[in-house]
$ cat entry.pdb   # PDB, C-alpha atoms and all ligand atoms
ATOM      1  CA  MET A  14      30.024 -16.208   1.518  1.00  0.00           C
ATOM      2  CA  ASN A  15      27.938 -16.650   4.691  1.00  0.00           C
ATOM      3  CA  LYS A  16      30.016 -16.638   7.796  1.00  0.00           C
ATOM      4  CA  ARG A  17      28.150 -18.383  10.625  1.00  0.00           C
ATOM      5  CA  PRO A  18      28.911 -17.235  14.162  1.00  0.00           C
ATOM      6  CA  THR A  19      30.744 -19.857  16.126  1.00  0.00           C
ATOM      7  CA  SER A  20      29.188 -18.908  19.495  1.00  0.00           C
ATOM      8  CA  VAL A  21      26.318 -16.891  21.025  1.00  0.00           C
ATOM      9  CA  ALA A  22      26.994 -14.638  23.994  1.00  0.00           C
ATOM     10  CA  ARG A  23      24.676 -15.235  26.959  1.00  0.00           C
ATOM     11  CA  SER A  24      23.658 -11.558  26.862  1.00  0.00           C
ATOM     12  CA  ALA A  25      22.382 -11.992  23.285  1.00  0.00           C
ATOM     13  CA  ALA A  26      19.970 -14.812  24.075  1.00  0.00           C
ATOM     14  CA  PRO A  27      16.350 -14.085  25.068  1.00  0.00           C
ATOM     15  CA  LEU A  28      15.626 -15.226  28.609  1.00  0.00           C
ATOM     16  CA  THR A  29      12.139 -16.698  28.229  1.00  0.00           C
ATOM     17  CA  GLY A  30       9.843 -18.454  30.667  1.00  0.00           C
ATOM     18  CA  GLN A  31      10.713 -16.315  33.669  1.00  0.00           C
ATOM     19  CA  HIS A  32       8.465 -16.236  36.738  1.00  0.00           C
ATOM     20  CA  ALA A  33       8.425 -14.212  39.929  1.00  0.00           C
ATOM     21  CA  HIS A  34       5.962 -12.868  42.483  1.00  0.00           C
ATOM     22  CA  GLU A  35       4.047  -9.755  41.418  1.00  0.00           C
ATOM     23  CA  ILE A  36       5.623  -6.552  42.688  1.00  0.00           C
ATOM     24  CA  GLN A  37       2.388  -4.761  43.657  1.00  0.00           C
ATOM     25  CA  ALA A  38      -0.880  -6.420  44.637  1.00  0.00           C
ATOM     26  CA  PHE A  39      -4.153  -5.281  43.121  1.00  0.00           C
ATOM     27  CA  GLY A  40      -5.997  -2.943  45.483  1.00  0.00           C
ATOM     28  CA  THR A  41      -2.836  -1.396  46.937  1.00  0.00           C
ATOM     29  CA  VAL A  42      -1.403   2.053  46.218  1.00  0.00           C
ATOM     30  CA  VAL A  43       2.273   2.937  46.227  1.00  0.00           C
ATOM     31  CA  PRO A  44       3.442   6.359  47.475  1.00  0.00           C
ATOM     32  CA  MET A  45       3.257   8.947  44.723  1.00  0.00           C
ATOM     33  CA  PRO A  46       4.461  12.509  45.400  1.00  0.00           C
ATOM     34  CA  ILE A  47       1.476  14.369  43.948  1.00  0.00           C
ATOM     35  CA  ALA A  48       0.299  16.073  47.156  1.00  0.00           C
ATOM     36  CA  LEU A  49      -2.709  13.793  47.661  1.00  0.00           C
ATOM     37  CA  SER A  50      -3.193  11.593  50.730  1.00  0.00           C
ATOM     38  CA  GLU A  51      -3.051   7.811  50.430  1.00  0.00           C
ATOM     39  CA  LYS A  52      -6.719   7.627  51.460  1.00  0.00           C
ATOM     40  CA  THR A  53      -7.762  10.006  48.690  1.00  0.00           C
ATOM     41  CA  ARG A  54      -5.683   8.194  46.085  1.00  0.00           C
ATOM     42  CA  ARG A  55      -7.018   4.800  47.194  1.00  0.00           C
ATOM     43  CA  GLU A  56     -10.631   5.994  46.969  1.00  0.00           C
ATOM     44  CA  SER A  57     -10.059   7.498  43.532  1.00  0.00           C
ATOM     45  CA  VAL A  58      -8.350   4.298  42.326  1.00  0.00           C
ATOM     46  CA  THR A  59     -11.270   2.158  43.531  1.00  0.00           C
ATOM     47  CA  ASN A  60     -13.783   4.403  41.776  1.00  0.00           C
ATOM     48  CA  LEU A  61     -11.734   4.649  38.588  1.00  0.00           C
ATOM     49  CA  ASN A  62     -11.351   0.868  38.390  1.00  0.00           C
ATOM     50  CA  GLN A  63     -15.143   0.524  38.452  1.00  0.00           C
ATOM     51  CA  VAL A  64     -15.587   3.070  35.669  1.00  0.00           C
ATOM     52  CA  LEU A  65     -12.702   1.392  33.819  1.00  0.00           C
ATOM     53  CA  ALA A  66     -14.404  -2.024  33.962  1.00  0.00           C
ATOM     54  CA  ASP A  67     -17.639  -0.518  32.687  1.00  0.00           C
ATOM     55  CA  THR A  68     -15.895   1.523  29.987  1.00  0.00           C
ATOM     56  CA  MET A  69     -14.052  -1.576  28.727  1.00  0.00           C
ATOM     57  CA  THR A  70     -17.362  -3.429  28.596  1.00  0.00           C
ATOM     58  CA  LEU A  71     -19.073  -0.586  26.749  1.00  0.00           C
ATOM     59  CA  ARG A  72     -16.122  -0.389  24.340  1.00  0.00           C
ATOM     60  CA  ASP A  73     -16.492  -4.100  23.572  1.00  0.00           C
ATOM     61  CA  LEU A  74     -20.268  -3.810  23.287  1.00  0.00           C
ATOM     62  CA  TYR A  75     -19.719  -1.236  20.520  1.00  0.00           C
ATOM     63  CA  LYS A  76     -17.402  -3.601  18.625  1.00  0.00           C
ATOM     64  CA  LYS A  77     -19.865  -6.491  19.027  1.00  0.00           C
ATOM     65  CA  HIS A  78     -22.647  -4.376  17.548  1.00  0.00           C
ATOM     66  CA  HIS A  79     -20.323  -2.962  14.874  1.00  0.00           C
ATOM     67  CA  TRP A  80     -19.691  -6.527  13.680  1.00  0.00           C
ATOM     68  CA  GLN A  81     -23.215  -7.875  14.163  1.00  0.00           C
ATOM     69  CA  MET A  82     -25.059  -4.923  12.589  1.00  0.00           C
ATOM     70  CA  SER A  83     -27.928  -5.667  10.172  1.00  0.00           C
ATOM     71  CA  GLY A  84     -30.703  -3.957   8.235  1.00  0.00           C
ATOM     72  CA  PRO A  85     -31.197  -0.702   6.278  1.00  0.00           C
ATOM     73  CA  THR A  86     -29.064   1.376   8.662  1.00  0.00           C
ATOM     74  CA  PHE A  87     -26.183  -1.087   8.438  1.00  0.00           C
ATOM     75  CA  TYR A  88     -23.685   1.302   6.866  1.00  0.00           C
ATOM     76  CA  GLN A  89     -24.179   4.348   9.084  1.00  0.00           C
ATOM     77  CA  LEU A  90     -24.406   2.400  12.334  1.00  0.00           C
ATOM     78  CA  HIS A  91     -21.520   0.091  11.376  1.00  0.00           C
ATOM     79  CA  LEU A  92     -19.351   3.208  11.019  1.00  0.00           C
ATOM     80  CA  LEU A  93     -20.814   5.126  13.985  1.00  0.00           C
ATOM     81  CA  PHE A  94     -20.347   2.199  16.363  1.00  0.00           C
ATOM     82  CA  ASP A  95     -16.711   1.838  15.318  1.00  0.00           C
ATOM     83  CA  LYS A  96     -16.152   5.566  15.898  1.00  0.00           C
ATOM     84  CA  HIS A  97     -17.617   5.272  19.380  1.00  0.00           C
ATOM     85  CA  PHE A  98     -15.510   2.130  19.973  1.00  0.00           C
ATOM     86  CA  GLY A  99     -12.409   4.198  19.198  1.00  0.00           C
ATOM     87  CA  GLU A 100     -13.460   7.008  21.550  1.00  0.00           C
ATOM     88  CA  GLN A 101     -14.218   4.520  24.334  1.00  0.00           C
ATOM     89  CA  SER A 102     -10.782   2.923  23.735  1.00  0.00           C
ATOM     90  CA  ASP A 103      -9.180   6.328  24.271  1.00  0.00           C
ATOM     91  CA  LEU A 104     -11.136   6.678  27.528  1.00  0.00           C
ATOM     92  CA  VAL A 105      -9.952   3.234  28.663  1.00  0.00           C
ATOM     93  CA  ASP A 106      -6.319   4.281  28.252  1.00  0.00           C
ATOM     94  CA  LEU A 107      -6.919   7.618  29.973  1.00  0.00           C
ATOM     95  CA  ILE A 108      -8.663   6.052  32.988  1.00  0.00           C
ATOM     96  CA  ALA A 109      -6.149   3.197  33.318  1.00  0.00           C
ATOM     97  CA  GLU A 110      -3.180   5.568  33.215  1.00  0.00           C
ATOM     98  CA  ARG A 111      -4.860   7.915  35.722  1.00  0.00           C
ATOM     99  CA  ILE A 112      -5.107   4.921  38.093  1.00  0.00           C
ATOM    100  CA  MET A 113      -1.393   4.164  37.664  1.00  0.00           C
ATOM    101  CA  MET A 114      -0.344   7.797  38.222  1.00  0.00           C
ATOM    102  CA  LEU A 115      -2.303   7.757  41.494  1.00  0.00           C
ATOM    103  CA  GLY A 116      -0.096   4.821  42.564  1.00  0.00           C
ATOM    104  CA  GLY A 117      -2.773   2.180  42.037  1.00  0.00           C
ATOM    105  CA  ILE A 118      -3.190  -0.846  39.786  1.00  0.00           C
ATOM    106  CA  SER A 119      -5.595  -0.728  36.876  1.00  0.00           C
ATOM    107  CA  ILE A 120      -7.552  -3.826  35.946  1.00  0.00           C
ATOM    108  CA  ALA A 121      -6.749  -5.017  32.452  1.00  0.00           C
ATOM    109  CA  MET A 122      -7.864  -8.508  31.551  1.00  0.00           C
ATOM    110  CA  ALA A 123     -11.283  -9.639  30.321  1.00  0.00           C
ATOM    111  CA  PRO A 124     -12.051 -12.122  33.143  1.00  0.00           C
ATOM    112  CA  ASP A 125     -11.390  -9.399  35.749  1.00  0.00           C
ATOM    113  CA  VAL A 126     -13.510  -6.930  33.811  1.00  0.00           C
ATOM    114  CA  ALA A 127     -16.338  -9.478  33.581  1.00  0.00           C
ATOM    115  CA  GLU A 128     -16.258  -9.933  37.361  1.00  0.00           C
ATOM    116  CA  MET A 129     -16.436  -6.209  38.060  1.00  0.00           C
ATOM    117  CA  THR A 130     -18.655  -4.613  35.452  1.00  0.00           C
ATOM    118  CA  LEU A 131     -22.189  -3.489  36.278  1.00  0.00           C
ATOM    119  CA  ILE A 132     -23.277  -3.686  32.624  1.00  0.00           C
ATOM    120  CA  PRO A 133     -25.461  -6.760  31.939  1.00  0.00           C
ATOM    121  CA  ARG A 134     -23.852  -9.444  29.787  1.00  0.00           C
ATOM    122  CA  PRO A 135     -25.384  -9.592  26.291  1.00  0.00           C
ATOM    123  CA  PRO A 136     -26.047 -12.906  24.529  1.00  0.00           C
ATOM    124  CA  LYS A 137     -23.316 -14.239  22.231  1.00  0.00           C
ATOM    125  CA  GLY A 138     -25.743 -14.208  19.323  1.00  0.00           C
ATOM    126  CA  ARG A 139     -27.002 -11.396  17.135  1.00  0.00           C
ATOM    127  CA  GLU A 140     -29.814  -9.064  18.207  1.00  0.00           C
ATOM    128  CA  GLU A 141     -32.070  -6.630  16.336  1.00  0.00           C
ATOM    129  CA  VAL A 142     -30.837  -3.055  15.939  1.00  0.00           C
ATOM    130  CA  PRO A 143     -33.312  -1.462  18.411  1.00  0.00           C
ATOM    131  CA  VAL A 144     -32.218  -4.002  21.028  1.00  0.00           C
ATOM    132  CA  GLN A 145     -28.541  -3.311  20.331  1.00  0.00           C
ATOM    133  CA  ILE A 146     -29.223   0.409  20.730  1.00  0.00           C
ATOM    134  CA  SER A 147     -31.169  -0.102  23.964  1.00  0.00           C
ATOM    135  CA  ARG A 148     -28.266  -2.100  25.406  1.00  0.00           C
ATOM    136  CA  LEU A 149     -25.804   0.651  24.483  1.00  0.00           C
ATOM    137  CA  LEU A 150     -27.985   3.399  25.986  1.00  0.00           C
ATOM    138  CA  HIS A 151     -28.412   1.420  29.211  1.00  0.00           C
ATOM    139  CA  ALA A 152     -24.644   0.869  29.438  1.00  0.00           C
ATOM    140  CA  HIS A 153     -23.990   4.583  28.841  1.00  0.00           C
ATOM    141  CA  GLU A 154     -26.413   5.505  31.623  1.00  0.00           C
ATOM    142  CA  ILE A 155     -24.661   3.170  34.084  1.00  0.00           C
ATOM    143  CA  VAL A 156     -21.331   4.859  33.278  1.00  0.00           C
ATOM    144  CA  LEU A 157     -22.792   8.374  33.459  1.00  0.00           C
ATOM    145  CA  LYS A 158     -24.513   7.780  36.789  1.00  0.00           C
ATOM    146  CA  GLU A 159     -21.422   6.397  38.499  1.00  0.00           C
ATOM    147  CA  ALA A 160     -19.068   8.916  36.868  1.00  0.00           C
ATOM    148  CA  ARG A 161     -21.101  11.884  38.175  1.00  0.00           C
ATOM    149  CA  THR A 162     -21.114  10.499  41.733  1.00  0.00           C
ATOM    150  CA  MET A 163     -17.379   9.730  41.519  1.00  0.00           C
ATOM    151  CA  ALA A 164     -16.576  13.161  40.065  1.00  0.00           C
ATOM    152  CA  ARG A 165     -18.276  14.888  43.007  1.00  0.00           C
ATOM    153  CA  GLN A 166     -16.434  12.620  45.435  1.00  0.00           C
ATOM    154  CA  ALA A 167     -13.075  13.370  43.790  1.00  0.00           C
ATOM    155  CA  ALA A 168     -13.769  17.113  43.921  1.00  0.00           C
ATOM    156  CA  ASP A 169     -14.714  16.895  47.613  1.00  0.00           C
ATOM    157  CA  GLU A 170     -11.418  15.060  48.301  1.00  0.00           C
ATOM    158  CA  GLY A 171      -9.360  17.624  46.364  1.00  0.00           C
ATOM    159  CA  ASP A 172      -8.455  15.162  43.582  1.00  0.00           C
ATOM    160  CA  ASP A 173      -9.042  17.666  40.785  1.00  0.00           C
ATOM    161  CA  GLY A 174      -7.212  15.585  38.171  1.00  0.00           C
ATOM    162  CA  THR A 175      -9.561  12.631  38.650  1.00  0.00           C
ATOM    163  CA  ASN A 176     -12.540  14.985  38.718  1.00  0.00           C
ATOM    164  CA  ASP A 177     -11.380  16.484  35.410  1.00  0.00           C
ATOM    165  CA  VAL A 178     -10.930  13.083  33.723  1.00  0.00           C
ATOM    166  CA  LEU A 179     -14.411  12.036  34.851  1.00  0.00           C
ATOM    167  CA  VAL A 180     -16.135  15.288  33.859  1.00  0.00           C
ATOM    168  CA  SER A 181     -14.214  16.464  30.793  1.00  0.00           C
ATOM    169  CA  ASN A 182     -13.584  13.062  29.264  1.00  0.00           C
ATOM    170  CA  VAL A 183     -15.858  10.321  30.609  1.00  0.00           C
ATOM    171  CA  ILE A 184     -19.073  12.286  31.136  1.00  0.00           C
ATOM    172  CA  ARG A 185     -18.765  14.579  28.110  1.00  0.00           C
ATOM    173  CA  THR A 186     -17.880  11.722  25.726  1.00  0.00           C
ATOM    174  CA  ASN A 187     -20.657   9.461  26.998  1.00  0.00           C
ATOM    175  CA  GLU A 188     -23.314  12.198  26.857  1.00  0.00           C
ATOM    176  CA  SER A 189     -22.360  12.984  23.265  1.00  0.00           C
ATOM    177  CA  GLN A 190     -22.437   9.315  22.237  1.00  0.00           C
ATOM    178  CA  VAL A 191     -25.862   8.867  23.864  1.00  0.00           C
ATOM    179  CA  TRP A 192     -27.208  11.685  21.696  1.00  0.00           C
ATOM    180  CA  PHE A 193     -25.887  10.139  18.464  1.00  0.00           C
ATOM    181  CA  VAL A 194     -27.196   6.684  19.351  1.00  0.00           C
ATOM    182  CA  ALA A 195     -30.543   7.673  20.901  1.00  0.00           C
ATOM    183  CA  GLU A 196     -31.647   9.600  17.807  1.00  0.00           C
ATOM    184  CA  HIS A 197     -31.660   6.268  15.940  1.00  0.00           C
ATOM    185  CA  VAL A 198     -34.582   4.967  17.982  1.00  0.00           C
ATOM    186  CA  VAL A 199     -36.776   8.015  17.369  1.00  0.00           C
ATOM    187  CA  ASP A 200     -39.650   6.713  15.255  1.00  0.00           C
ATOM    188  CA  ALA A 201     -39.410   9.599  12.760  1.00  0.00           C
ATOM    189  CA  PRO A 202     -41.249   9.366   9.409  1.00  0.00           C
ATOM    190  CA  LEU A 203     -38.965   8.809   6.421  1.00  0.00           C
ATOM    191  CA  VAL A 204     -41.269   9.829   3.570  1.00  0.00           C
ATOM    192  CA  ARG A 205     -44.666  11.136   4.771  1.00  0.00           C
ATOM    193  CA  ALA A 206     -44.749  13.830   7.463  1.00  0.00           C
ATOM    194  CA  ASP A 207     -46.596  12.720  10.565  1.00  0.00           C
ATOM    195  CA  GLY A 208     -46.527  16.041  12.465  1.00  0.00           C
ATOM    196  CA  LYS A 209     -50.238  16.819  12.236  1.00  0.00           C
ATOM    197  CA  ASN A 210     -51.053  13.747  14.382  1.00  0.00           C
ATOM    198  CA  GLY A 211     -49.443  15.507  17.306  1.00  0.00           C
ATOM    199  CA  LYS A 212     -51.910  18.436  17.203  1.00  0.00           C
TER     200      LYS A 212
HETATM  201 FE    FE B 301     -14.445  -3.083  11.465  1.00  0.00          FE
END
$ encode --input "entry.pdb" --output "structure tokens" --more "lines below"
Ligand SMILES: [Fe+2]
Amino acid sequence: MNKRPTSVARSAAPLTGQHAHEIQAFGTVVPMPIALSEKTRRESVTNLNQVLADTMTLRDLYKKHHWQMSGPTFYQLHLLFDKHFGEQSDLVDLIAERIMMLGGISIAMAPDVAEMTLIPRPPKGREEVPVQISRLLHAHEIVLKEARTMARQAADEGDDGTNDVLVSNVIRTNESQVWFVAEHVVDAPLVRADGKNGK
């Protein structure tokens, strides 16, 4: 026999629809006892938010191309682009959490990312594979260029943790992905060797 409760305690009911002012504004840093000055942490947060916006855009560019793939290399590039999407997603989490541990606020939502990113917006429609690859390589180079400058700046300021994230994770991952992607636009012969033309 089902026994229905006769009343619901207030503490058992979900309190939905709550609103309040935000507790920390974007662009501010709260004190964090990690032996780094506020100025250093603020500079690192600003830099990391830029590389975060660009990494989120590159991550999404990989998923777009993963879905919109076409042609004879469909299978390998469909899988490769999803692998790179996953690695870029890991970087996004790493960068965003680095920002928070410095006392800052990481950007998160697509409209904010769209405002900040330096990577050109692709069309909504489908593009040919060499164009997809060119877009990815350009996006990688934007990330690599800024990450190297930011890594040097972090090292100069004594923020070794940020320097390590940028060098060991962002730069190394992006350089490796560039290699795997770039080799797909080498016009290598598939059946008949073409080497003698280079002599
Ligand atoms: Fe998929």
$ residues_near_ligand --input "entry.pdb" --ligand "ligand FE 301 (chain B)" --cutoff "10 Å" --atoms "all atoms listed in the file" --output "PyMOL selection string"
chain A and resi 76-77+79-80+91-92+94-96
$ write_last_selection --input "entry.pdb" --atoms "C-alpha atoms" --output "compact mmCIF listing (two decimals), in the frame of the given file"
# COMPACT_ATOMS: atom_id res chain seq x y z
CA LYS A 76 -17.40 -3.60 18.62
CA LYS A 77 -19.86 -6.49 19.03
CA HIS A 79 -20.32 -2.96 14.87
CA TRP A 80 -19.69 -6.53 13.68
CA HIS A 91 -21.52 0.09 11.38
CA LEU A 92 -19.35 3.21 11.02
CA PHE A 94 -20.35 2.20 16.36
CA ASP A 95 -16.71 1.84 15.32
CA LYS A 96 -16.15 5.57 15.90
$ resolve_selection --input "entry.pdb" --expression "the PyMOL selection byres (((chain A and resi 61-72) around 9) and not hetatm)" --output "ChimeraX atom specification"
/A:56-60,73-77,97-102,104-106,108-109,111-112,118-121,123,125-132,134,149,152-153,155-156,159-160,163,175,179,183
$ write_last_selection --input "entry.pdb" --atoms "C-alpha atoms" --output "CSV table (one decimal), keeping the file's coordinate frame"
chain,number,residue,atom,x,y,z
A,56,GLU,CA,-10.6,6.0,47.0
A,57,SER,CA,-10.1,7.5,43.5
A,58,VAL,CA,-8.4,4.3,42.3
A,59,THR,CA,-11.3,2.2,43.5
A,60,ASN,CA,-13.8,4.4,41.8
A,73,ASP,CA,-16.5,-4.1,23.6
A,74,LEU,CA,-20.3,-3.8,23.3
A,75,TYR,CA,-19.7,-1.2,20.5
A,76,LYS,CA,-17.4,-3.6,18.6
A,77,LYS,CA,-19.9,-6.5,19.0
A,97,HIS,CA,-17.6,5.3,19.4
A,98,PHE,CA,-15.5,2.1,20.0
A,99,GLY,CA,-12.4,4.2,19.2
A,100,GLU,CA,-13.5,7.0,21.6
A,101,GLN,CA,-14.2,4.5,24.3
A,102,SER,CA,-10.8,2.9,23.7
A,104,LEU,CA,-11.1,6.7,27.5
A,105,VAL,CA,-10.0,3.2,28.7
A,106,ASP,CA,-6.3,4.3,28.3
A,108,ILE,CA,-8.7,6.1,33.0
A,109,ALA,CA,-6.1,3.2,33.3
A,111,ARG,CA,-4.9,7.9,35.7
A,112,ILE,CA,-5.1,4.9,38.1
A,118,ILE,CA,-3.2,-0.8,39.8
A,119,SER,CA,-5.6,-0.7,36.9
A,120,ILE,CA,-7.6,-3.8,35.9
A,121,ALA,CA,-6.7,-5.0,32.5
A,123,ALA,CA,-11.3,-9.6,30.3
A,125,ASP,CA,-11.4,-9.4,35.7
A,126,VAL,CA,-13.5,-6.9,33.8
A,127,ALA,CA,-16.3,-9.5,33.6
A,128,GLU,CA,-16.3,-9.9,37.4
A,129,MET,CA,-16.4,-6.2,38.1
A,130,THR,CA,-18.7,-4.6,35.5
A,131,LEU,CA,-22.2,-3.5,36.3
A,132,ILE,CA,-23.3,-3.7,32.6
A,134,ARG,CA,-23.9,-9.4,29.8
A,149,LEU,CA,-25.8,0.7,24.5
A,152,ALA,CA,-24.6,0.9,29.4
A,153,HIS,CA,-24.0,4.6,28.8
A,155,ILE,CA,-24.7,3.2,34.1
A,156,VAL,CA,-21.3,4.9,33.3
A,159,GLU,CA,-21.4,6.4,38.5
A,160,ALA,CA,-19.1,8.9,36.9
A,163,MET,CA,-17.4,9.7,41.5
A,175,THR,CA,-9.6,12.6,38.6
A,179,LEU,CA,-14.4,12.0,34.9
A,183,VAL,CA,-15.9,10.3,30.6
$ residues_around --input "entry.pdb" --residues "range 195-200 of chain A" --least-positions-apart "3" --cutoff "9 Å" --atoms "all atoms listed in the file" --output "MDAnalysis selection string"
chainID A and resid 90 143 146:147 150 190:192
$ residues_around --input "entry.pdb" --residues "Gly116 in chain A" --least-positions-apart "3" --cutoff "9 Å" --atoms "all atoms listed in the file" --output "ChimeraX atom specification"
/A:41-45,51,54-55,58,111-113
$ atom_distance --input "entry.pdb" --atom1 "CA of Gln89 in chain A" --atom2 "CA of Ala201 in chain A"
16.5 Å
$ axis_aligned_box --input "entry.pdb" --around "range 156-171 of chain A" --padding-each-side "8 Å" --output "AutoDock Vina command-line options"
--center_x -16.9 --center_y 11.2 --center_z 40.8 --size_x 31.2 --size_y 28.8 --size_z 31.0
$ atom_distance --input "entry.pdb" --atom1 "CA of Lys137 in chain A" --atom2 "CA of Ser189 in chain A"
27.3 Å
$ closest_residue --input "entry.pdb" --among "A:Thr86, A:Gln31, A:Thr186, A:Gln81" --to "Arg139 in chain A" --atoms "all atoms listed in the file"
A:Gln81
$ atom_distance --input "entry.pdb" --atom1 "CA of Gln166 in chain A" --atom2 "CA of Ser50 in chain A"
14.3 Å
